[in-house]
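Undergrad: Shown below is the structure under consideration.
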Amino acid sequence: MKRNVGRSRLFNWAVVLLVAGAWALGCDMPLEKPGAPKLASSQQSLTASWAATASMGLKRVRHTATRLQDGRVLVAGGHSDYVAHATCELYDPVTGSWTPTGALSEGRDGHTATRLQDGRVLVVGGGGQQTFLASAELYDPATGTWSFTAPMSVARYKPTATLLPDGRVLVVGGTRYWPRDSFASAELYDPATGTWSSTAPISVPRAGHAAELLPNGKVLVMGGHGYDAQRNSQLYSSAELYDPATGTWAPAAAMSQTRAAFTATWLPGVSKVLVAGGGASLASAELYDPSLDTWTPTAPMAGGRDEHTATLLGNGHLLVVGGRTLTAEAYDPASGTWSPAGSQVTVTYHRYWHQTTLLPNGQVLVTGGLDSDYEHASAELFSVQHEPWVRVGQMASSRRYHFEVLLEDGKVLVGGGYLNNRPVASAELYDPVTATWSSAGRMNVARVAMVATRLRDGRVLVMGGDSGGLAEIYEPATNSWTLIPPMSTPRTWPSSTLLPDGRVLVAGGSASGALASAEIYEPRLNTWVRAAPMQTARYIHTATLLQNGSVLVTGGEGGRGMLTSTELYDPVSNTWTSVGSMREGRYFHTATLLRDGRVLVTGGSWYTGMASAELYSPATRTWSSAAPMSDARTWHAAVLLPNGQVLVSGGRNSSVLNLTRAELYTPATDTWSSTSSMLVPRTSHTLTLLQNGRVLAVGGETNSASETSSCEVYLGP
């Protein structure tokens with residue numbers, strides 16, 4: 001990108017006028033479409049607040065901010081003071097602090113950043129210090145380093161990048177300004193091969209456009225601007241749909257007016273795309289319905305905005321921030337109205353070219369951007385009060401003692417379990433984007449008391465239960481089930497653990513009594529091999545993969561009651577070693593690996609439940625008491641949250657048949673704190689941490705002593 005020494009302090013002033021508003025070049029763009037209804041915005045404020053947090057190490061505009069799988073936020077690139085930055089930094093929501101991480105190989109701004117299904121971050125394109133970039137780089141959160149991957153076919157500034165359901169990334173359009181040019185071309189990045197392939201181009205060259213993934217897997221691309229043969233800018237209202245299955249584009253209904261530098265967001269609550277602002281600081285907004293291929297107006301924002309950001313909150317509202325204004329406002333899909341959401345506190349005039357990122361705790365992190373003529377390093381947090389638990393769509397079948405597995409694409413596979421005290425074979429898929437369920441076919445056998453493990457290649461291995469030693473695999477690509485060779489021994493209530501080398505360890509279980517035997521599934525050979533037996537026969541125990549690659553087995557039923565014994569499996573030597581005893585015998589308990597490598601064990605027993613908890617330290621191979629829970633629990637569920645806390649929910653005890661109450665364990669202080677109760681009492685349910693940081697609670701038994709099909713999502717404390 002050619003940069004003249006004598007230009008204005010902010011070289012991108014001219015750029016943004018080209019990207020976000022062709023009005024500067026004499027393009028005719030009405031603020032409202034003639035005849036469109038005028039809808040008033042709601043003036044009722046949200047219960048929300050703004051607070052400053054630690055500033056970034058550098059001032060940045062046109063950077064990217066990407067939430068990693070562990071909840072931290074990666075900020076990459078951007079520019080300030082005439083310099084395109086290569087430096088990157090990480091924000092930790094738990095400590096509220098920034099730390100430097102590996103730098104990009106070259107400075108860039110106006111690029112895209114996409115978190116891939118394996119957790120890495122793909123950065124492509126943008127503008128460097130003296131040129132536009134076709135290069136692409138990958139960030140590995142495990143090492144904090146960047147590496148080059150294959151470059152795109154063309155250098156692109158401000159394209160769109162969309163993660164497709166199959167894991168590929170669709171990059172569309174973009175621009176360059178010397179000479180003036182925009183692109184209609186599109187290309188696909190395949191993380192499995194690290195290569196790019198061309199796909200069909202869009203109908204017109206676009207920059208300053210938006211792209212949104214729809215639940216049906218297609219991508220809606222809309223608006224933006226391009227250049228005619230005379231290099232004059234023109235704005236678009238047109239939209240088109242990309243089908244990854246065929247690699248082709250089809251026309252979609254056009255928006256009511258031309259827009260560039262606007263936001264487009266999928267709203268799962270109403271199954272529509274909300275487009276807001278853009279152009280010459282438009283206030284108007286409209287909704288796209290994919291099922292009808294239509295746009296309808298909705299209430300306009302209180303003020304015009306362009307170069308703003310939009311973030312979907314945990315309560316289903318959409319937060320819009322900045323865009324040449326201090327203020328923020330929120331859109332309620334249920335009422336179709338906007339309400340004020342307060343004013344930012346770390347800038348004095350306005351903010352644009354910034355970034356907003358939803359954190360695991362439900363707050364929104366705002367970073368960088370312009371305040372009048374000055375770039376900013378400041379960051380702040382937006383908080384809104386919300387109900388921690390929210391109902392989501394019901395399963396087709398009620399179930400308890402089922403399995404629940406998070407798939408690579410972010411969907412959740414649920415299957416088997418009891419219905420009316422009989423095992424079922426049905427399976428279902430939950431889509432967090434649309435909050436809906438769909439069929440995942442039927443297993444070959446009905447199962448309960450089985451185990452399920454996601455393999456490294458994304459398939460799911462299901463084995464054991466009252467079906468004997470039968471095992472089968474679910475293939476997400478085809479949504480189908482296939483029987484594989486059975487285990488050597490039938491097992492009910494065993495444990496299964498994905499080992500670091502990709503094999504699966506299945507240990508213990510019951511078959512006319514507790515079993516000590518163990519076996520290993522080898523996915524590459526599709527075979528089972530015997531493993532060394534445990535020192536103690538057990539079932540309804542837990543198995544936890546530790547950070548050093550060994551497997552910790554705790555408690556269970558050994559034939560004469562609850563076990564206190566624990567042992568460690570070493571996959572390298574194929575040996576079991578006793579690691580002492582817990583202070584209390586437990587089964588139907590939970591075991592959760594903490595961030596620091598310790599294991600938290602909670603509750604257990606048959607009907608009475610236990611409030612006690614204890615901690616295993618791999619460093620010393622010893623057990624110690626932890627603070628007790630506020631409720632005695634058994635048949636409950638537990639999950640590690642992105643902020644390092646452990647969420648425990650439901651279960652039963654001798655006083656309460658089925659609990660709604662939930663609580664949080666904080667390892668740093670060894671304390672429990674209450675959080676809002678679930679909406680439905682649940683025992684023998686499942687909890688799964690979703691890729692968006694929320695927790696899905698599925699099924700279980702209610703106080704009516706029957707299974708439930710209800711599901712809910714925990715948004716955070």
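Following the order of the structure tokens, first chain is A, next is B, and so on, with residues numbered from 1 inside each chain and ligands from 1 in the order they appear.
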If you count only C-alpha atoms, which residues fall within 8 Å of segment 576-592 of chain A, apart from same-chain ones fewer than 2 positions away, as a ChimeraX atom specification?
TA: /A:532-535,540-544,555-557,562-570,574,594,599-606,614,621-625,634-640,646
Undergrad: Could you go through segment 320-556 of chain A and tell me which residues DSSP, when run on the backbone, assigns to strand (DSSP E), listing them as a PyMOL selection string?
TA: chain A and resi 320-321+327-332+337-343+355-358+364-367+370-371+374-375+379-384+389-392+403-406+412-415+418-419+422-431+436-447+451-454+460-463+471-475+480-484+495-498+504-507+518-522+527-531+542-545+551-554
Undergrad: Could you check the closest approach to Asp243 of chain A for each of A:Thr265, A:Thr453, A:Asn216, A:Ser284 and tell me which residue wins, using only C-alpha atoms?
TA: A:Asn216
Undergrad: Quote the spacing between atom CA of Pro490 of chain A and atom CA of Gly561 of chain A in Å to one decimal place.
TA: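 Those two atoms sit 21.5 Å apart.
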Undergrad: Please measure the separation of atom CA of Val462 of chain A and atom CA of Arg633 of chain A, giving the value in Å to one decimal.
TA: 27.1 Å
Undergrad: Of the candidates A:Thr246, A:Thr356, A:Thr686, A:Thr702, which one gets nearest to Leu657 of chain A if we count only C-alpha atoms?
TA: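 Residue with the minimum atom-to-atom distance to Leu657 of chain A: A:Thr702.
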Undergrad: Would you mind listing, for every residue of segment 418-440 of chain A within 12 Å of segment 191-214 of chain A, the two atoms forming the shortest contact and the distance between them in Å to one decimal, using only C-alpha atoms, sorted by chain and ascending residue number, as a Markdown table?
TA:
```
| residue | atom | partner | partner_atom | distance |
| --- | --- | --- | --- | --- |
| A:Asp431 | CA | A:Leu214 | CA | 11.7 |
| A:Val433 | CA | A:Leu214 | CA | 8.8 |
| A:Thr434 | CA | A:Leu214 | CA | 8.9 |
```
Undergrad: Got time to write the residues from that selection, C-alpha atoms, as a short mmCIF file (atom, residue, chain, number, x, y, z; two decimals), in the first residue's frame?
TA:
```cif
data_model
loop_
_atom_site.label_atom_id
_atom_site.label_comp_id
_atom_site.auth_asym_id
_atom_site.auth_seq_id
_atom_site.Cartn_x
_atom_site.Cartn_y
_atom_site.Cartn_z
CA ASP A 431 -26.83 -26.70 16.57
CA VAL A 433 -26.05 -21.31 16.02
CA THR A 434 -29.76 -21.90 15.50
#
```
Undergrad: Just give me the gap between atom CA of Ala611 of chain A and atom CA of Asn658 of chain A in Å, one decimal is fine.
TA: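 It comes out at 14.8 Å.
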Undergrad: Please provide as a PyMOL selection string all residues within 12 Å of Pro100 of chain A, with the sequence filter that same-chain residues fewer than 2 positions apart are discarded (counting only C-alpha atoms).
TA: chain A and resi 56-58+73-76+86-92+97-98+102-104+144-145
